[in-house]
Amino acid sequence: MVVTQENAQETAQEHTAVNGSRRSPSAQEIAETLRERIRTGDLKPGDRLPTQAELADEFGVERGAVRQALRALQDDGLLSNVSKGSPPRIAEAAPVREEPQPALVGLAPRLTDAFAARRVRIDVVCHTAETLMVALSEPMRLIHEDRLRPEGIEVRVLVPSRDISLAFPVSVTGDGEEDTVIHRRWLQMRDAQAQVLRHNLMSLRSTHGIDVRVTFRALPFTPPVKLYLLNGDEALLGYYTLTRREEGWGEETLDMFDALGSKSLLFSFVRSAGRRDAVFVAESQKWFDALWETITTELSFA
């Protein structure tokens, strides 16, 4: 891409203050402008960036701000051939970030990709195993059709302990008796889904001779997010967003604050997408392992 007078004028207009005076864009703003040019195709894979001097002149900043912006793009894996001798190029395989999808929609294809590995490792933090149980049906189907052939599968799941007072679901009114019923409902769901998940996976031992290990441990707190770690290569993070809803249970109608985990949007972080994603995946794995090895306890089923 060639820096033209038109480019410079457009950039200047983007960074004009409300009072009409000119302000210098920050390194973050420069990086975002260049990301947008990459996204829209103004800068294509293999294109060489303008020199730091040309970028500094275009944005009206010192070269230090340009260098910071380029480092941010490099951390995101968007640049290649980064050296002091010449301007970097746009990476040939610049990572494309997909829009986040609801957990029940987005998890299954990610699990299918993960199960293509020779040895599969899935680590999960969740409120119940419902979404994981349903999403695993696709890779399980492909295994039964001999289209996926992992040698080993290890699944570790962290869910809240039965012995704690849950942050959610809880009664809207704060009624203690209703909270007891809500807790009993959640516990039955947690245990039933965990046992189905374990049974389905362990059946692969006898049907396909796969070395399968499925382990659950109990958290001493209610996780505010759900996290899926796939083969140490990808982290999928979703926020539990609370909503008020009514749910029939036996002869009662429960009015509660709860989260629909299957509708939580999953944000993907892939180790190969750049330094920031790689650090996030590594730190998420470190966080999971620390919980697993320290304050969690053996899961007891009701």
# chains A, B, ... in the order shown; residues from 1 in each chain; ligands from 1

call {"tool": "residues_around", "arguments": {"residues": "A:Tyr228", "least_positions_apart": "2", "cutoff": "8 Å", "atoms": "only C-alpha atoms", "output": "number ranges by chain"}}
result
A: 122-125, 226, 230, 235-237

call {"tool": "write_last_selection", "arguments": {"atoms": "all heavy atoms", "output": "mmCIF file, in the first residue's frame"}}
result
data_model
loop_
_atom_site.group_PDB
_atom_site.id
_atom_site.type_symbol
_atom_site.label_atom_id
_atom_site.label_comp_id
_atom_site.auth_asym_id
_atom_site.auth_seq_id
_atom_site.Cartn_x
_atom_site.Cartn_y
_atom_site.Cartn_z
ATOM 1 N N ILE A 122 -9.294 -32.635 26.951
ATOM 2 C CA ILE A 122 -10.311 -31.602 27.096
ATOM 3 C C ILE A 122 -10.441 -31.261 28.573
ATOM 4 O O ILE A 122 -10.720 -32.132 29.401
ATOM 5 C CB ILE A 122 -11.687 -32.075 26.565
ATOM 6 C CG1 ILE A 122 -11.562 -32.660 25.154
ATOM 7 C CG2 ILE A 122 -12.693 -30.932 26.619
ATOM 8 C CD1 ILE A 122 -11.131 -31.680 24.103
ATOM 9 N N ASP A 123 -10.227 -30.004 28.934
ATOM 10 C CA ASP A 123 -10.397 -29.525 30.307
ATOM 11 C C ASP A 123 -11.523 -28.503 30.316
ATOM 12 O O ASP A 123 -11.563 -27.604 29.459
ATOM 13 C CB ASP A 123 -9.111 -28.888 30.832
ATOM 14 C CG ASP A 123 -8.003 -29.916 31.035
ATOM 15 O OD1 ASP A 123 -8.334 -31.089 31.296
ATOM 16 O OD2 ASP A 123 -6.820 -29.554 30.931
ATOM 17 N N VAL A 124 -12.423 -28.618 31.297
ATOM 18 C CA VAL A 124 -13.638 -27.803 31.294
ATOM 19 C C VAL A 124 -13.937 -27.279 32.684
ATOM 20 O O VAL A 124 -13.835 -28.010 33.681
ATOM 21 C CB VAL A 124 -14.850 -28.627 30.798
ATOM 22 C CG1 VAL A 124 -16.105 -27.759 30.753
ATOM 23 C CG2 VAL A 124 -14.568 -29.242 29.437
ATOM 24 N N VAL A 125 -14.314 -25.994 32.750
ATOM 25 C CA VAL A 125 -14.911 -25.403 33.939
ATOM 26 C C VAL A 125 -16.319 -24.993 33.562
ATOM 27 O O VAL A 125 -16.511 -24.236 32.592
ATOM 28 C CB VAL A 125 -14.123 -24.168 34.432
ATOM 29 C CG1 VAL A 125 -14.790 -23.557 35.668
ATOM 30 C CG2 VAL A 125 -12.678 -24.534 34.745
ATOM 31 N N LYS A 226 -17.709 -20.007 31.812
ATOM 32 C CA LYS A 226 -17.422 -21.379 31.407
ATOM 33 C C LYS A 226 -16.190 -21.352 30.522
ATOM 34 O O LYS A 226 -15.981 -20.414 29.726
ATOM 35 C CB LYS A 226 -18.604 -22.017 30.686
ATOM 36 C CG LYS A 226 -19.098 -21.289 29.455
ATOM 37 C CD LYS A 226 -20.086 -22.124 28.647
ATOM 38 C CE LYS A 226 -21.120 -22.808 29.494
ATOM 39 N NZ LYS A 226 -21.984 -23.710 28.719
ATOM 40 N N LEU A 230 -8.927 -27.008 24.805
ATOM 41 C CA LEU A 230 -8.891 -28.108 23.847
ATOM 42 C C LEU A 230 -7.456 -28.401 23.431
ATOM 43 O O LEU A 230 -6.826 -27.607 22.715
ATOM 44 C CB LEU A 230 -9.733 -27.762 22.614
ATOM 45 C CG LEU A 230 -11.146 -27.222 22.894
ATOM 46 C CD1 LEU A 230 -11.884 -26.965 21.585
ATOM 47 C CD2 LEU A 230 -11.933 -28.153 23.792
ATOM 48 N N ALA A 235 -8.545 -22.021 23.736
ATOM 49 C CA ALA A 235 -9.380 -21.752 24.906
ATOM 50 C C ALA A 235 -10.663 -21.087 24.430
ATOM 51 O O ALA A 235 -10.625 -20.130 23.653
ATOM 52 C CB ALA A 235 -8.648 -20.838 25.891
ATOM 53 N N LEU A 236 -11.789 -21.618 24.875
ATOM 54 C CA LEU A 236 -13.096 -21.047 24.564
ATOM 55 C C LEU A 236 -13.697 -20.540 25.865
ATOM 56 O O LEU A 236 -13.900 -21.307 26.814
ATOM 57 C CB LEU A 236 -14.012 -22.096 23.941
ATOM 58 C CG LEU A 236 -13.567 -22.649 22.584
ATOM 59 C CD1 LEU A 236 -14.344 -23.908 22.246
ATOM 60 C CD2 LEU A 236 -13.732 -21.607 21.492
ATOM 61 N N LEU A 237 -13.974 -19.246 25.911
ATOM 62 C CA LEU A 237 -14.463 -18.610 27.128
ATOM 63 C C LEU A 237 -15.849 -18.041 26.895
ATOM 64 O O LEU A 237 -16.104 -17.369 25.894
ATOM 65 C CB LEU A 237 -13.510 -17.479 27.544
ATOM 66 C CG LEU A 237 -13.890 -16.698 28.808
ATOM 67 C CD1 LEU A 237 -13.673 -17.560 30.042
ATOM 68 C CD2 LEU A 237 -13.079 -15.411 28.907
#

call {"tool": "closest_residue", "arguments": {"among": "A:Ile164, A:Leu136, A:Val155, A:Leu266", "to": "A:Gln101", "atoms": "only C-alpha atoms"}}
result
A:Leu266

call {"tool": "residues_around", "arguments": {"residues": "A:Met140", "least_positions_apart": "3", "cutoff": "10 Å", "atoms": "only C-alpha atoms", "output": "PyMOL selection string"}}
result
chain A and resi 111-112+115+135-137+143-148+200-201+204

call {"tool": "residues_around", "arguments": {"residues": "A:Asp47", "least_positions_apart": "6", "cutoff": "10 Å", "atoms": "only C-alpha atoms", "output": "list in words"}}
result
Met1, Ile38, Leu79, Pro88, Arg89, Ile90, Ala91 and Glu92 of chain A

call {"tool": "closest_residue", "arguments": {"among": "A:Val170, A:Val281, A:Val66, A:Val105", "to": "A:Leu254", "atoms": "only C-alpha atoms"}}
result
A:Val170

call {"tool": "residues_around", "arguments": {"residues": "stretch 180-182 of chain A", "least_positions_apart": "4", "cutoff": "7 Å", "atoms": "only C-alpha atoms", "output": "PyMOL selection string"}}
result
chain A and resi 169-170+176+186

call {"tool": "atom_distance", "arguments": {"atom1": "atom CA of A:Gly261", "atom2": "atom CA of A:Ala117"}}
result
26.7 Å

call {"tool": "closest_residue", "arguments": {"among": "A:Val157, A:Arg244, A:Glu234, A:Ala259", "to": "A:Thr296", "atoms": "only C-alpha atoms"}}
result
A:Val157

call {"tool": "closest_residue", "arguments": {"among": "A:Arg35, A:Pro87, A:Leu78, A:Leu166", "to": "A:Leu55", "atoms": "only C-alpha atoms"}}
result
A:Pro87

call {"tool": "closest_atom_pairs", "arguments": {"of": "stretch 187-256 of chain A", "to": "stretch 290-295 of chain A", "cutoff": "10 Å", "atoms": "only C-alpha atoms", "output": "JSON lines"}}
result
{"residue": "A:Phe216", "atom": "CA", "partner": "A:Trp292", "partner_atom": "CA", "distance": 9.6}
{"residue": "A:Arg217", "atom": "CA", "partner": "A:Trp292", "partner_atom": "CA", "distance": 7.3}
{"residue": "A:Ala218", "atom": "CA", "partner": "A:Ile295", "partner_atom": "CA", "distance": 8.8}
{"residue": "A:Leu219", "atom": "CA", "partner": "A:Ile295", "partner_atom": "CA", "distance": 7.3}
{"residue": "A:Pro220", "atom": "CA", "partner": "A:Ile295", "partner_atom": "CA", "distance": 7.3}

call {"tool": "write_last_selection", "arguments": {"atoms": "N, CA, C and O atoms", "output": "JSON list (two decimals), in the first residue's frame"}}
result
[["chain", "number", "residue", "atom", "x", "y", "z"],
["A", 216, "PHE", "N", -14.09, -35.97, 37.25],
["A", 216, "PHE", "CA", -14.77, -34.77, 37.72],
["A", 216, "PHE", "C", -14.21, -34.39, 39.09],
["A", 216, "PHE", "O", -13.92, -35.26, 39.92],
["A", 217, "ARG", "N", -14.08, -33.07, 39.30],
["A", 217, "ARG", "CA", -13.75, -32.57, 40.63],
["A", 217, "ARG", "C", -14.67, -31.40, 40.95],
["A", 217, "ARG", "O", -15.24, -30.77, 40.05],
["A", 218, "ALA", "N", -14.81, -31.12, 42.26],
["A", 218, "ALA", "CA", -15.79, -30.14, 42.73],
["A", 218, "ALA", "C", -15.11, -28.84, 43.12],
["A", 218, "ALA", "O", -14.11, -28.83, 43.85],
["A", 219, "LEU", "N", -15.67, -27.74, 42.63],
["A", 219, "LEU", "CA", -15.19, -26.40, 42.96],
["A", 219, "LEU", "C", -15.85, -25.90, 44.24],
["A", 219, "LEU", "O", -17.05, -26.13, 44.45],
["A", 220, "PRO", "N", -15.12, -25.15, 45.05],
["A", 220, "PRO", "CA", -15.73, -24.57, 46.26],
["A", 220, "PRO", "C", -16.40, -23.22, 46.00],
["A", 220, "PRO", "O", -16.66, -22.46, 46.92]]

call {"tool": "select_by_dssp", "arguments": {"residues": "stretch 171-249 of chain A", "states": "alpha helix (DSSP H)", "output": "ChimeraX atom specification"}}
result
/A:176-208
